[in-house]
$ cat entry03.txt   # compact mmCIF, C-alpha atoms and all ligand atoms
# COMPACT_ATOMS: atom_id res chain seq x y z
CA MET D 1 64.10 12.52 -88.69
CA ARG D 2 66.47 10.90 -86.21
CA MET D 3 68.60 7.80 -86.79
CA TYR D 4 67.91 6.75 -83.19
CA ASP D 5 64.16 6.45 -83.93
CA ILE D 6 64.78 4.45 -87.13
CA ILE D 7 66.99 1.96 -85.27
CA GLU D 8 64.45 1.68 -82.44
CA LYS D 9 61.58 1.12 -84.91
CA LYS D 10 63.39 -1.70 -86.71
CA ARG D 11 64.51 -3.20 -83.39
CA ARG D 12 60.79 -3.57 -82.58
CA GLY D 13 60.31 -5.35 -85.95
CA LYS D 14 58.30 -2.54 -87.61
CA PRO D 15 58.61 -1.84 -91.38
CA LEU D 16 60.56 1.30 -92.29
CA THR D 17 59.14 3.83 -94.75
CA ARG D 18 60.88 4.72 -98.04
CA GLU D 19 61.76 8.12 -96.50
CA GLU D 20 63.38 6.50 -93.47
CA ILE D 21 65.38 4.11 -95.66
CA GLY D 22 66.46 7.01 -97.92
CA PHE D 23 67.50 9.06 -94.86
CA PHE D 24 69.64 6.12 -93.68
CA VAL D 25 71.29 5.35 -97.06
CA ASN D 26 71.97 8.97 -98.02
CA GLY D 27 73.19 9.87 -94.54
CA CYS D 28 75.49 6.87 -94.55
CA VAL D 29 77.06 7.76 -97.94
CA ALA D 30 77.42 11.42 -96.96
CA GLY D 31 79.23 10.37 -93.76
CA LYS D 32 76.57 12.07 -91.63
CA ILE D 33 75.62 8.93 -89.67
CA PRO D 34 78.26 7.48 -87.35
CA ASP D 35 79.36 3.89 -88.01
CA TYR D 36 77.95 2.70 -84.66
CA GLN D 37 74.43 3.80 -85.65
CA VAL D 38 74.73 2.32 -89.17
CA SER D 39 75.95 -0.95 -87.61
CA ALA D 40 73.12 -0.94 -85.06
CA LEU D 41 70.53 -0.65 -87.83
CA LEU D 42 72.27 -3.37 -89.87
CA MET D 43 72.08 -5.69 -86.86
CA ALA D 44 68.40 -4.82 -86.33
CA ILE D 45 67.68 -5.61 -90.02
CA CYS D 46 69.63 -8.85 -89.69
CA LEU D 47 67.55 -9.93 -86.69
CA ARG D 48 64.10 -8.52 -87.61
CA GLU D 49 64.41 -8.75 -91.43
CA MET D 50 62.67 -6.51 -93.99
CA ASP D 51 59.58 -7.20 -96.08
CA ASP D 52 59.72 -7.18 -99.90
CA ARG D 53 58.66 -3.52 -100.17
CA GLU D 54 61.34 -2.37 -97.70
CA THR D 55 64.01 -4.51 -99.44
CA ALA D 56 63.03 -3.05 -102.83
CA ASP D 57 63.21 0.50 -101.38
CA LEU D 58 66.60 -0.20 -99.82
CA THR D 59 67.86 -1.56 -103.17
CA ALA D 60 66.57 1.47 -105.12
CA CYS D 61 68.13 3.93 -102.65
CA MET D 62 71.46 2.07 -102.84
CA ALA D 63 71.36 1.91 -106.67
CA ASP D 64 70.68 5.67 -106.72
CA SER D 65 73.56 6.43 -104.35
CA GLY D 66 75.98 6.60 -107.30
CA GLU D 67 76.11 6.55 -111.10
CA ARG D 68 73.91 4.36 -113.30
CA VAL D 69 75.76 2.93 -116.29
CA ASP D 70 74.23 3.77 -119.68
CA LEU D 71 74.57 0.82 -122.07
CA SER D 72 72.25 2.27 -124.72
CA SER D 73 75.14 2.76 -127.20
CA ILE D 74 75.53 -1.05 -127.37
CA PRO D 75 73.06 -2.61 -129.82
CA GLY D 76 70.98 -5.64 -128.83
CA VAL D 77 69.98 -7.19 -125.55
CA LYS D 78 72.56 -6.93 -122.76
CA VAL D 79 72.62 -9.78 -120.23
CA ASP D 80 74.42 -9.71 -116.87
CA LYS D 81 75.22 -12.72 -114.69
CA HIS D 82 76.01 -12.84 -111.00
CA SER D 83 76.98 -15.57 -108.55
CA THR D 84 76.40 -15.12 -104.84
CA GLY D 85 79.85 -16.60 -104.39
CA GLY D 86 81.37 -20.03 -104.09
CA VAL D 87 84.64 -21.90 -103.92
CA GLY D 88 86.20 -22.68 -107.32
CA ASP D 89 83.47 -20.68 -109.09
CA LYS D 90 85.00 -19.59 -112.38
CA THR D 91 81.74 -19.74 -114.36
CA THR D 92 81.83 -16.05 -115.38
CA LEU D 93 85.04 -16.69 -117.34
CA ILE D 94 83.25 -19.42 -119.28
CA VAL D 95 79.62 -18.36 -119.71
CA SER D 96 80.37 -14.76 -120.76
CA PRO D 97 82.41 -15.82 -123.84
CA VAL D 98 79.87 -18.59 -124.62
CA ALA D 99 77.03 -16.03 -124.65
CA ALA D 100 79.12 -13.47 -126.58
CA SER D 101 80.14 -16.05 -129.21
CA LEU D 102 76.42 -16.60 -129.84
CA GLY D 103 75.72 -12.89 -130.28
CA VAL D 104 74.54 -11.85 -126.79
CA ARG D 105 76.32 -8.81 -125.32
CA VAL D 106 77.73 -9.06 -121.79
CA ALA D 107 78.97 -5.83 -120.13
CA LYS D 108 80.16 -7.14 -116.80
CA MET D 109 81.44 -5.26 -113.80
CA SER D 110 82.88 -7.57 -111.19
CA GLY D 111 84.37 -7.34 -107.76
CA ARG D 112 87.42 -8.72 -106.07
CA GLY D 113 86.98 -11.57 -103.60
CA LEU D 114 84.53 -10.82 -100.82
CA GLY D 115 84.89 -14.04 -98.84
CA TYR D 116 87.85 -16.38 -98.70
CA THR D 117 88.62 -16.87 -102.38
CA GLY D 118 89.58 -14.48 -105.13
CA GLY D 119 86.84 -12.87 -107.23
CA THR D 120 86.56 -12.80 -111.04
CA ILE D 121 88.80 -9.72 -111.21
CA ASP D 122 91.52 -11.42 -109.15
CA LYS D 123 91.32 -14.42 -111.49
CA LEU D 124 91.59 -12.28 -114.62
CA GLU D 125 94.49 -10.30 -113.15
CA SER D 126 96.52 -13.50 -112.83
CA ILE D 127 96.87 -13.26 -116.65
CA PRO D 128 100.06 -11.26 -117.31
CA GLY D 129 99.29 -7.77 -118.63
CA MET D 130 95.51 -8.05 -118.19
CA ARG D 131 93.87 -4.72 -117.38
CA THR D 132 90.54 -4.64 -115.58
CA SER D 133 90.48 -0.91 -114.83
CA ILE D 134 89.92 0.63 -118.25
CA GLY D 135 87.95 3.77 -119.03
CA ARG D 136 84.20 3.60 -119.55
CA GLU D 137 84.43 4.41 -123.28
CA ARG D 138 87.00 1.67 -123.88
CA PHE D 139 84.81 -0.80 -121.92
CA LEU D 140 81.76 0.01 -124.07
CA GLU D 141 83.84 -0.15 -127.25
CA ILE D 142 85.10 -3.67 -126.36
CA VAL D 143 81.56 -4.87 -125.59
CA ARG D 144 80.38 -3.46 -128.95
CA ARG D 145 83.28 -4.96 -130.93
CA VAL D 146 84.11 -8.22 -129.12
CA GLY D 147 80.73 -8.92 -127.54
CA PHE D 148 81.83 -8.90 -123.91
CA SER D 149 84.14 -7.22 -121.45
CA ILE D 150 84.77 -7.75 -117.75
CA ILE D 151 86.11 -4.83 -115.71
CA SER D 152 86.39 -4.03 -112.03
CA GLN D 153 83.50 -2.20 -110.52
CA SER D 154 84.00 1.56 -110.33
CA GLY D 155 83.91 3.03 -106.82
CA ASN D 156 80.92 5.11 -107.85
CA LEU D 157 78.67 2.11 -108.62
CA ALA D 158 76.29 1.86 -105.66
CA PRO D 159 78.78 3.46 -103.21
CA ALA D 160 76.26 2.88 -100.40
CA ASP D 161 76.92 -0.85 -100.79
CA LYS D 162 80.66 -0.38 -100.42
CA LYS D 163 80.18 1.46 -97.14
CA LEU D 164 77.52 -0.92 -95.81
CA TYR D 165 79.37 -4.08 -96.86
CA ALA D 166 82.56 -2.95 -95.09
CA LEU D 167 80.57 -2.57 -91.86
CA ARG D 168 78.60 -5.82 -92.36
CA ASP D 169 81.87 -7.67 -92.84
CA VAL D 170 83.10 -6.71 -89.35
CA THR D 171 79.78 -6.80 -87.47
CA ALA D 172 78.61 -10.35 -88.37
CA THR D 173 75.72 -8.96 -90.46
CA VAL D 174 76.57 -10.38 -93.89
CA GLU D 175 74.19 -13.36 -93.70
CA SER D 176 70.86 -11.56 -94.04
CA ILE D 177 68.50 -12.04 -96.99
CA PRO D 178 67.38 -8.38 -97.32
CA LEU D 179 70.97 -7.14 -96.94
CA ILE D 180 72.46 -9.64 -99.44
CA ALA D 181 69.61 -9.11 -101.93
CA SER D 182 69.84 -5.30 -101.82
CA SER D 183 73.65 -5.38 -101.97
CA ILE D 184 73.75 -7.54 -105.09
CA MET D 185 70.72 -6.11 -106.89
CA SER D 186 71.66 -2.44 -106.32
CA LYS D 187 74.92 -3.07 -108.21
CA LYS D 188 73.24 -5.14 -110.94
CA ILE D 189 70.55 -2.50 -111.51
CA ALA D 190 73.10 0.35 -111.54
CA ALA D 191 75.25 -1.64 -114.03
CA GLY D 192 72.52 -1.16 -116.64
CA SER D 193 71.90 -4.56 -118.36
CA ASP D 194 68.43 -5.48 -119.64
CA CYS D 195 68.43 -9.03 -118.20
CA ILE D 196 70.02 -10.54 -115.12
CA LEU D 197 70.83 -14.20 -114.48
CA LEU D 198 71.55 -15.01 -110.82
CA ASP D 199 73.43 -18.09 -109.63
CA VAL D 200 72.41 -18.44 -105.98
CA LYS D 201 74.67 -20.90 -104.22
CA THR D 202 73.56 -23.17 -101.42
CA GLY D 203 75.52 -25.48 -99.13
CA SER D 204 78.49 -25.55 -96.80
CA GLY D 205 80.51 -23.13 -98.95
CA ALA D 206 77.71 -20.58 -99.48
CA PHE D 207 76.05 -17.81 -97.47
CA MET D 208 72.80 -19.76 -97.69
CA LYS D 209 73.36 -23.11 -96.02
CA THR D 210 69.96 -24.60 -96.94
CA ALA D 211 68.21 -24.82 -100.31
CA ASP D 212 65.05 -23.29 -98.75
CA ASP D 213 66.94 -20.16 -97.64
CA ALA D 214 68.63 -19.96 -101.04
CA VAL D 215 65.23 -20.12 -102.77
CA ARG D 216 63.99 -17.34 -100.45
CA LEU D 217 67.00 -15.18 -101.39
CA ALA D 218 66.49 -16.01 -105.08
CA ARG D 219 62.79 -15.05 -104.95
CA THR D 220 63.62 -11.74 -103.25
CA MET D 221 66.24 -10.87 -105.87
CA VAL D 222 64.08 -11.92 -108.83
CA SER D 223 61.22 -9.79 -107.54
CA ILE D 224 63.53 -6.76 -107.07
CA GLY D 225 64.96 -7.17 -110.60
CA GLU D 226 61.57 -7.58 -112.26
CA ASN D 227 60.13 -4.58 -110.39
CA ALA D 228 63.07 -2.53 -111.61
CA GLY D 229 62.16 -3.49 -115.20
CA ARG D 230 64.90 -6.11 -115.70
CA LYS D 231 64.09 -9.65 -116.85
CA THR D 232 65.53 -11.67 -113.99
CA VAL D 233 65.93 -15.43 -113.45
CA ALA D 234 67.79 -17.27 -110.68
CA LEU D 235 69.21 -20.78 -110.51
CA VAL D 236 69.82 -22.24 -107.05
CA THR D 237 72.95 -24.39 -107.37
CA ASP D 238 75.09 -26.66 -105.24
CA MET D 239 78.04 -25.39 -103.20
CA ASN D 240 78.65 -28.30 -100.83
CA GLU D 241 81.94 -29.04 -102.58
CA PRO D 242 84.24 -26.86 -104.69
CA LEU D 243 83.13 -26.37 -108.28
CA GLY D 244 85.40 -28.15 -110.77
CA MET D 245 88.88 -29.39 -109.87
CA ALA D 246 90.75 -26.09 -109.37
CA ILE D 247 90.67 -23.38 -106.70
CA GLY D 248 92.95 -20.33 -106.96
CA ASN D 249 93.34 -17.60 -109.51
CA SER D 250 95.62 -18.77 -112.35
CA LEU D 251 94.65 -22.40 -111.66
CA GLU D 252 91.01 -21.42 -112.25
CA VAL D 253 91.83 -19.50 -115.44
CA ALA D 254 93.58 -22.64 -116.71
CA GLU D 255 90.52 -24.76 -115.84
CA ALA D 256 88.20 -22.23 -117.50
CA CYS D 257 90.31 -22.54 -120.69
CA ARG D 258 90.13 -26.35 -120.59
CA THR D 259 86.35 -26.12 -120.17
CA LEU D 260 86.08 -23.67 -123.08
CA LYS D 261 87.97 -26.22 -125.18
CA GLY D 262 85.39 -28.87 -124.28
CA LYS D 263 87.70 -30.67 -121.81
CA GLY D 264 86.41 -29.35 -118.50
CA PRO D 265 85.22 -31.31 -115.48
CA LYS D 266 81.68 -32.65 -115.67
CA ASP D 267 80.13 -30.54 -112.86
CA LEU D 268 81.66 -27.28 -114.09
CA THR D 269 80.79 -27.94 -117.74
CA GLY D 270 77.22 -28.97 -116.83
CA LEU D 271 76.62 -25.87 -114.74
CA CYS D 272 78.14 -23.55 -117.37
CA VAL D 273 75.91 -25.02 -120.11
CA GLU D 274 72.89 -24.46 -117.86
CA LEU D 275 73.88 -20.87 -116.97
CA ALA D 276 74.78 -19.95 -120.55
CA ALA D 277 71.51 -21.47 -121.83
CA HIS D 278 69.53 -19.31 -119.39
CA MET D 279 71.46 -16.20 -120.46
CA LEU D 280 70.70 -16.96 -124.11
CA SER D 281 67.06 -17.65 -123.40
CA LEU D 282 66.72 -14.43 -121.35
CA ALA D 283 68.06 -12.63 -124.43
CA GLY D 284 65.28 -14.18 -126.52
CA ARG D 285 67.45 -16.73 -128.35
CA GLY D 286 64.92 -19.56 -128.12
CA ASP D 287 63.70 -22.15 -125.66
CA LEU D 288 66.01 -23.59 -123.03
CA GLU D 289 66.67 -26.84 -124.84
CA SER D 290 67.80 -25.17 -128.08
CA CYS D 291 69.91 -22.70 -126.03
CA ARG D 292 71.59 -25.65 -124.25
CA THR D 293 72.45 -27.17 -127.64
CA ALA D 294 73.86 -23.85 -128.84
CA ALA D 295 75.97 -23.44 -125.66
CA ARG D 296 77.37 -26.97 -125.97
CA GLY D 297 78.18 -26.24 -129.62
CA ALA D 298 80.15 -23.08 -128.72
CA LEU D 299 82.27 -25.12 -126.29
CA ALA D 300 82.80 -27.95 -128.76
CA ASP D 301 83.74 -25.89 -131.83
CA GLY D 302 86.18 -23.54 -130.03
CA SER D 303 84.21 -20.35 -130.78
CA ALA D 304 83.72 -19.53 -127.08
CA PHE D 305 87.44 -20.04 -126.35
CA ALA D 306 88.31 -17.78 -129.28
CA LYS D 307 85.99 -15.11 -127.77
CA LEU D 308 87.77 -15.26 -124.41
CA LYS D 309 91.10 -14.76 -126.16
CA GLU D 310 89.72 -11.80 -128.13
CA MET D 311 88.53 -10.11 -124.92
CA VAL D 312 91.78 -10.78 -123.03
CA GLU D 313 93.81 -9.42 -125.94
CA ALA D 314 91.61 -6.31 -126.12
CA GLN D 315 92.34 -5.67 -122.44
CA GLY D 316 96.12 -6.09 -122.77
CA GLY D 317 96.42 -9.67 -121.48
CA ASP D 318 98.98 -12.23 -122.68
CA VAL D 319 96.86 -14.79 -124.55
CA SER D 320 99.76 -17.26 -124.81
CA VAL D 321 98.99 -18.43 -121.22
CA LEU D 322 95.43 -19.23 -122.33
CA ASP D 323 96.71 -21.39 -125.21
CA ASP D 324 99.26 -23.02 -122.95
CA PRO D 325 98.43 -22.60 -119.22
CA LYS D 326 101.75 -24.28 -118.31
CA ARG D 327 103.24 -20.84 -119.06
CA PHE D 328 101.65 -19.39 -115.91
CA PRO D 329 104.36 -18.83 -113.26
CA LYS D 330 104.65 -21.79 -110.88
CA ALA D 331 104.08 -21.57 -107.13
CA LYS D 332 107.33 -22.19 -105.20
CA ALA D 333 105.98 -24.95 -102.95
CA CYS D 334 103.58 -27.79 -103.53
CA LEU D 335 102.25 -30.57 -101.32
CA ASP D 336 100.08 -33.63 -102.00
CA ILE D 337 97.53 -34.38 -99.30
CA ALA D 338 96.17 -37.86 -98.66
CA ALA D 339 93.55 -39.50 -96.47
CA SER D 340 94.72 -41.91 -93.77
CA THR D 341 91.93 -44.45 -94.42
CA SER D 342 90.40 -45.93 -97.57
CA GLY D 343 86.77 -45.23 -98.45
CA TYR D 344 84.44 -42.87 -100.29
CA LEU D 345 84.85 -39.10 -100.01
CA TYR D 346 81.57 -38.57 -98.20
CA ALA D 347 81.58 -34.82 -97.48
CA MET D 348 84.04 -32.07 -98.40
CA ASP D 349 82.83 -28.91 -96.53
CA ALA D 350 83.34 -26.43 -99.36
CA GLY D 351 83.69 -23.50 -96.91
CA GLN D 352 86.84 -25.08 -95.44
CA TRP D 353 88.32 -25.51 -98.93
CA GLY D 354 87.80 -21.75 -99.27
CA VAL D 355 89.59 -21.18 -95.94
CA ALA D 356 92.45 -23.46 -97.06
CA SER D 357 92.83 -21.59 -100.37
CA MET D 358 92.98 -18.32 -98.40
CA GLN D 359 95.67 -19.81 -96.12
CA LEU D 360 97.65 -20.70 -99.26
CA GLY D 361 97.49 -17.05 -100.39
CA ALA D 362 94.82 -17.41 -103.11
CA GLY D 363 92.34 -15.27 -101.12
CA ARG D 364 92.55 -12.39 -98.66
CA ARG D 365 92.65 -12.66 -94.86
CA THR D 366 91.72 -8.96 -94.64
CA LYS D 367 90.34 -6.83 -97.44
CA ASP D 368 93.61 -4.89 -97.85
CA ASP D 369 95.77 -8.03 -98.27
CA GLY D 370 97.47 -8.80 -101.57
CA ILE D 371 96.78 -12.03 -103.36
CA ASP D 372 99.08 -14.75 -104.75
CA GLY D 373 97.82 -15.35 -108.29
CA ASN D 374 99.49 -18.76 -108.57
CA ALA D 375 98.57 -20.26 -105.18
CA GLY D 376 95.66 -22.65 -104.77
CA ILE D 377 94.48 -26.24 -104.87
CA VAL D 378 94.05 -28.87 -107.55
CA LEU D 379 91.58 -31.59 -106.54
CA HIS D 380 92.08 -35.14 -107.75
CA LYS D 381 88.87 -36.51 -106.22
CA LYS D 382 85.36 -35.21 -105.59
CA THR D 383 82.51 -36.25 -103.33
CA GLY D 384 81.48 -39.86 -104.08
CA ASP D 385 84.94 -40.87 -105.42
CA PHE D 386 86.83 -43.73 -103.77
CA VAL D 387 90.24 -42.95 -102.20
CA ASN D 388 92.83 -45.43 -101.01
CA ALA D 389 94.70 -44.75 -97.77
CA GLY D 390 97.77 -42.69 -98.65
CA GLU D 391 96.47 -41.75 -102.12
CA PRO D 392 96.57 -37.97 -102.74
CA PHE D 393 93.12 -36.42 -103.11
CA ALA D 394 94.44 -32.90 -103.72
CA THR D 395 97.65 -30.96 -104.37
CA LEU D 396 98.30 -27.62 -102.65
CA TYR D 397 100.31 -24.77 -104.19
CA ALA D 398 101.75 -21.78 -102.27
CA SER D 399 104.83 -19.62 -101.85
CA SER D 400 106.11 -21.70 -98.91
CA GLU D 401 105.81 -25.17 -97.44
CA ASP D 402 104.59 -23.69 -94.11
CA LEU D 403 101.53 -22.27 -95.89
CA CYS D 404 100.89 -25.67 -97.49
CA ARG D 405 101.09 -27.39 -94.09
CA GLU D 406 98.61 -24.93 -92.55
CA ALA D 407 96.11 -25.56 -95.37
CA GLU D 408 96.70 -29.31 -95.14
CA ARG D 409 95.62 -29.27 -91.45
CA THR D 410 92.43 -27.42 -92.42
CA LEU D 411 91.58 -29.86 -95.21
CA LEU D 412 92.29 -33.05 -93.28
CA ARG D 413 89.72 -31.84 -90.70
CA ALA D 414 87.24 -30.84 -93.45
CA VAL D 415 87.14 -34.03 -95.48
CA GLU D 416 85.06 -36.99 -94.34
CA VAL D 417 85.86 -40.49 -95.65
CA ARG D 418 83.30 -43.29 -95.06
CA GLU D 419 82.67 -46.84 -96.14
CA GLU D 420 79.37 -45.96 -97.77
CA LYS D 421 78.90 -43.91 -100.92
CA PRO D 422 77.04 -40.62 -100.41
CA ALA D 423 73.73 -39.97 -102.23
CA ARG D 424 74.14 -37.93 -105.42
CA ARG D 425 73.13 -34.29 -105.13
CA PRO D 426 71.66 -32.34 -108.03
CA LEU D 427 73.80 -29.53 -109.46
CA VAL D 428 70.72 -27.30 -109.84
CA PHE D 429 68.23 -27.38 -106.95
CA ALA D 430 65.69 -24.92 -108.35
CA ARG D 431 64.92 -22.34 -111.00
CA VAL D 432 63.20 -19.16 -109.83
CA THR D 433 61.41 -16.80 -112.21
CA LYS D 434 58.75 -14.14 -111.75
CA ASP D 435 56.18 -16.92 -112.31
CA GLY D 436 57.38 -19.21 -109.53
CA VAL D 437 59.83 -21.87 -108.43
CA TRP D 438 60.64 -25.05 -110.45
CA LYS D 439 62.48 -27.94 -108.84
CA PRO D 440 64.04 -30.32 -111.39
N1 LIG E 1 77.76 -10.49 -102.63
C1 LIG E 1 77.51 -9.16 -102.55
O1 LIG E 1 77.81 -8.41 -103.47
N2 LIG E 1 76.90 -8.72 -101.45
C2 LIG E 1 76.52 -9.51 -100.41
O2 LIG E 1 75.97 -9.01 -99.46
C3 LIG E 1 76.81 -10.88 -100.51
C4 LIG E 1 77.43 -11.35 -101.65

$ encode --input "entry03.txt" --output "structure tokens"
Amino acid sequence: MRMYDIIEKKRRGKPLTREEIGFFVNGCVAGKIPDYQVSALLMAICLREMDDRETADLTACMADSGERVDLSSIPGVKVDKHSTGGVGDKTTLIVSPVAASLGVRVAKMSGRGLGYTGGTIDKLESIPGMRTSIGRERFLEIVRRVGFSIISQSGNLAPADKKLYALRDVTATVESIPLIASSIMSKKIAAGSDCILLDVKTGSGAFMKTADDAVRLARTMVSIGENAGRKTVALVTDMNEPLGMAIGNSLEVAEACRTLKGKGPKDLTGLCVELAAHMLSLAGRGDLESCRTAARGALADGSAFAKLKEMVEAQGGDVSVLDDPKRFPKAKACLDIAASTSGYLYAMDAGQWGVASMQLGAGRRTKDDGIDGNAGIVLHKKTGDFVNAGEPFATLYASSEDLCREAERTLLRAVEVREEKPARRPLVFARVTKDGVWKP
């Protein structure tokens, strides 16, 4: 078999066999295929796509490229949750303790930020002392005892994805449904949970700019998960504006704590209740409506917040910052930004808020960059709110005023103020299960 022929076949839009896909994935991990040939095939897949069978084969080969985590020592149903990535998305920090406080086990392996903003691990690591690289046995013990644990993904979980993603990132081949679906699902399948809830983002701050494309991605991933024997459901949710009122690592932890105490912003709280209810229902805890009631109850009575503290303590973190987020170290510089005209915030361009948070130091410009755990943005207004000329609609935090000014320029270009109020968008555009697509 020759890599040249595989590239040429896909360039002509022909489906690849399981053997050809296996040759490519294994050769890539073993370092036997040069990067230029791997990149050429990635570009051909991006342009000519893959059918469901090819995407499932690619996922299985990637999942088999490293270890598969064995969660059988943890009793009960294990549910995993994954977001395709958005700006201000701190839902994992909220829904995992909600589910765990209601008896569902969550053994979660997360990544650092892939795009502009920090990932769940970056957010957790803004808590002083918090350890996210703990041994496998300790991880399993915490899930058994506390109900959930979140650790950073080991390098041996789907190593093919690590290699392929690094090349996709520099060859403009990230935005491809078969490549995104196989990348995410290979890691989810290797991570070993029984059920998988996917939060597929759509809008200006997401990979999938339209709801139709997001539904297509969701259907592909649900079908891969179900065929691999995992109960899988996807929600397609809005990412046209940042989620909640905080972007940036410790700022998001503080907002997650407020939400767990029942005092979170409406959009974030609503989405978390919906995600947690689906996790509970996947685990067989009843119909969606009773699971929503249970999730709301865990936020209202403090049991979910207590669970987060238990997990953070078990992983060495200082829980006093969770009780009192004002104890997080302060960024050195801060700057209020204001619109020059009065009117309704009509559009926010979530992607540009991600770029601004990266400019402030809350995300990485290149994958080897460090991250400033205390940099970020606090929003005072969201889409549809009225702003007066000169009234601050956000406050920026960074280690220097220059960084704040750079982000301010980005945001003043991103935000659109108009006389008319924008139409309300739903938070959840669709639910995708093995049985079909529901649009609320
Ligand atoms: N997240 C991933 O893990 N992989 C992708 O390709 C896109 C988002």

$ atom_distance --input "entry03.txt" --atom1 "atom CA of D:Glu406" --atom2 "atom CA of D:Ala256"
27.2 Å

$ closest_atom_pairs --input "entry03.txt" --of "chain D" --to "ligand LIG 1 (chain E)" --cutoff "8 Å" --atoms "only C-alpha atoms and all ligand atoms" --output "Markdown table"
| residue | atom | partner | partner_atom | distance |
| --- | --- | --- | --- | --- |
| D:Ser83 | CA | E:LIG1 | N1 | 7.8 |
| D:Thr84 | CA | E:LIG1 | C4 | 5.0 |
| D:Gly85 | CA | E:LIG1 | C4 | 6.4 |
| D:Gly111 | CA | E:LIG1 | O1 | 7.9 |
| D:Leu114 | CA | E:LIG1 | N1 | 7.0 |
| D:Asp161 | CA | E:LIG1 | N2 | 7.9 |
| D:Tyr165 | CA | E:LIG1 | O2 | 6.5 |
| D:Val174 | CA | E:LIG1 | O2 | 5.8 |
| D:Glu175 | CA | E:LIG1 | O2 | 7.4 |
| D:Ser176 | CA | E:LIG1 | O2 | 7.9 |
| D:Leu179 | CA | E:LIG1 | O2 | 5.9 |
| D:Ile180 | CA | E:LIG1 | O2 | 3.6 |
| D:Ala181 | CA | E:LIG1 | O2 | 6.8 |
| D:Ser182 | CA | E:LIG1 | O2 | 7.5 |
| D:Ser183 | CA | E:LIG1 | N2 | 4.7 |
| D:Ile184 | CA | E:LIG1 | O1 | 4.5 |
| D:Lys187 | CA | E:LIG1 | O1 | 7.7 |
| D:Phe207 | CA | E:LIG1 | C3 | 7.6 |

$ closest_residue --input "entry03.txt" --among "D:Glu19, D:Val38, D:Met279, D:Ala30" --to "D:Ala100" --atoms "only C-alpha atoms"
D:Met279

$ closest_residue --input "entry03.txt" --among "D:Leu268, D:Leu260, D:Glu54, D:Gly205" --to "D:Ala300" --atoms "only C-alpha atoms"
D:Leu260

$ residues_near_point --input "entry03.txt" --point "(67.3, -4.5, -110.2)" --cutoff "6 Å" --atoms "only C-alpha atoms" --output "PyMOL selection string"
chain D and resi 185+189+224-225+228

$ atom_distance --input "entry03.txt" --atom1 "atom CA of D:Thr383" --atom2 "atom CA of D:Asp89"
16.6 Å

$ closest_residue --input "entry03.txt" --among "D:Arg68, D:Arg105, D:Arg296, D:Lys162" --to "D:Gly192" --atoms "all atoms listed in the file"
D:Arg68

$ atom_distance --input "entry03.txt" --atom1 "atom CA of D:Lys81" --atom2 "atom CA of D:Thr55"
20.6 Å

$ residues_around --input "entry03.txt" --residues "D:Lys330" --least-positions-apart "6" --cutoff "12 Å" --atoms "all atoms listed in the file" --output "ChimeraX atom specification"
/D:126,250-251,372-376,396-399

$ closest_residue --input "entry03.txt" --among "D:Leu412, D:Leu243, D:Leu403, D:Ala350" --to "D:Ala331" --atoms "all atoms listed in the file"
D:Leu403

$ closest_residue --input "entry03.txt" --among "D:Met43, D:Ala190, D:Cys257, D:Ile33" --to "D:Lys108" --atoms "only C-alpha atoms"
D:Ala190

$ closest_residue --input "entry03.txt" --among "D:Ala423, D:Ala158, D:Leu140, D:Val146" --to "D:Ala304" --atoms "all atoms listed in the file"
D:Val146

$ residues_near_point --input "entry03.txt" --point "(64.3, -23.8, -105.9)" --cutoff "9 Å" --atoms "all atoms listed in the file" --output "list of chain:residue names"
D:Ala211, D:Asp212, D:Ala214, D:Val215, D:Arg216, D:Ala218, D:Arg219, D:Ala234, D:Leu235, D:Val236, D:Thr237, D:Val428, D:Phe429, D:Ala430, D:Arg431, D:Val432, D:Val437, D:Trp438, D:Lys439, D:Pro440

$ residues_around --input "entry03.txt" --residues "D:Val77" --least-positions-apart "5" --cutoff "12 Å" --atoms "all atoms listed in the file" --output "NGL selection string"
:D and (71-72 or 99-100 or 103-107 or 143-144 or 147 or 192-196 or 230-231 or 279-285)

$ write_last_selection --input "entry03.txt" --atoms "C-alpha atoms" --output "mmCIF file, keeping the file's coordinate frame"
data_model
loop_
_atom_site.group_PDB
_atom_site.id
_atom_site.type_symbol
_atom_site.label_atom_id
_atom_site.label_comp_id
_atom_site.auth_asym_id
_atom_site.auth_seq_id
_atom_site.Cartn_x
_atom_site.Cartn_y
_atom_site.Cartn_z
ATOM 1 C CA LEU D 71 74.570 0.820 -122.070
ATOM 2 C CA SER D 72 72.250 2.270 -124.720
ATOM 3 C CA ALA D 99 77.030 -16.030 -124.650
ATOM 4 C CA ALA D 100 79.120 -13.470 -126.580
ATOM 5 C CA GLY D 103 75.720 -12.890 -130.280
ATOM 6 C CA VAL D 104 74.540 -11.850 -126.790
ATOM 7 C CA ARG D 105 76.320 -8.810 -125.320
ATOM 8 C CA VAL D 106 77.730 -9.060 -121.790
ATOM 9 C CA ALA D 107 78.970 -5.830 -120.130
ATOM 10 C CA VAL D 143 81.560 -4.870 -125.590
ATOM 11 C CA ARG D 144 80.380 -3.460 -128.950
ATOM 12 C CA GLY D 147 80.730 -8.920 -127.540
ATOM 13 C CA GLY D 192 72.520 -1.160 -116.640
ATOM 14 C CA SER D 193 71.900 -4.560 -118.360
ATOM 15 C CA ASP D 194 68.430 -5.480 -119.640
ATOM 16 C CA CYS D 195 68.430 -9.030 -118.200
ATOM 17 C CA ILE D 196 70.020 -10.540 -115.120
ATOM 18 C CA ARG D 230 64.900 -6.110 -115.700
ATOM 19 C CA LYS D 231 64.090 -9.650 -116.850
ATOM 20 C CA MET D 279 71.460 -16.200 -120.460
ATOM 21 C CA LEU D 280 70.700 -16.960 -124.110
ATOM 22 C CA SER D 281 67.060 -17.650 -123.400
ATOM 23 C CA LEU D 282 66.720 -14.430 -121.350
ATOM 24 C CA ALA D 283 68.060 -12.630 -124.430
ATOM 25 C CA GLY D 284 65.280 -14.180 -126.520
ATOM 26 C CA ARG D 285 67.450 -16.730 -128.350
#
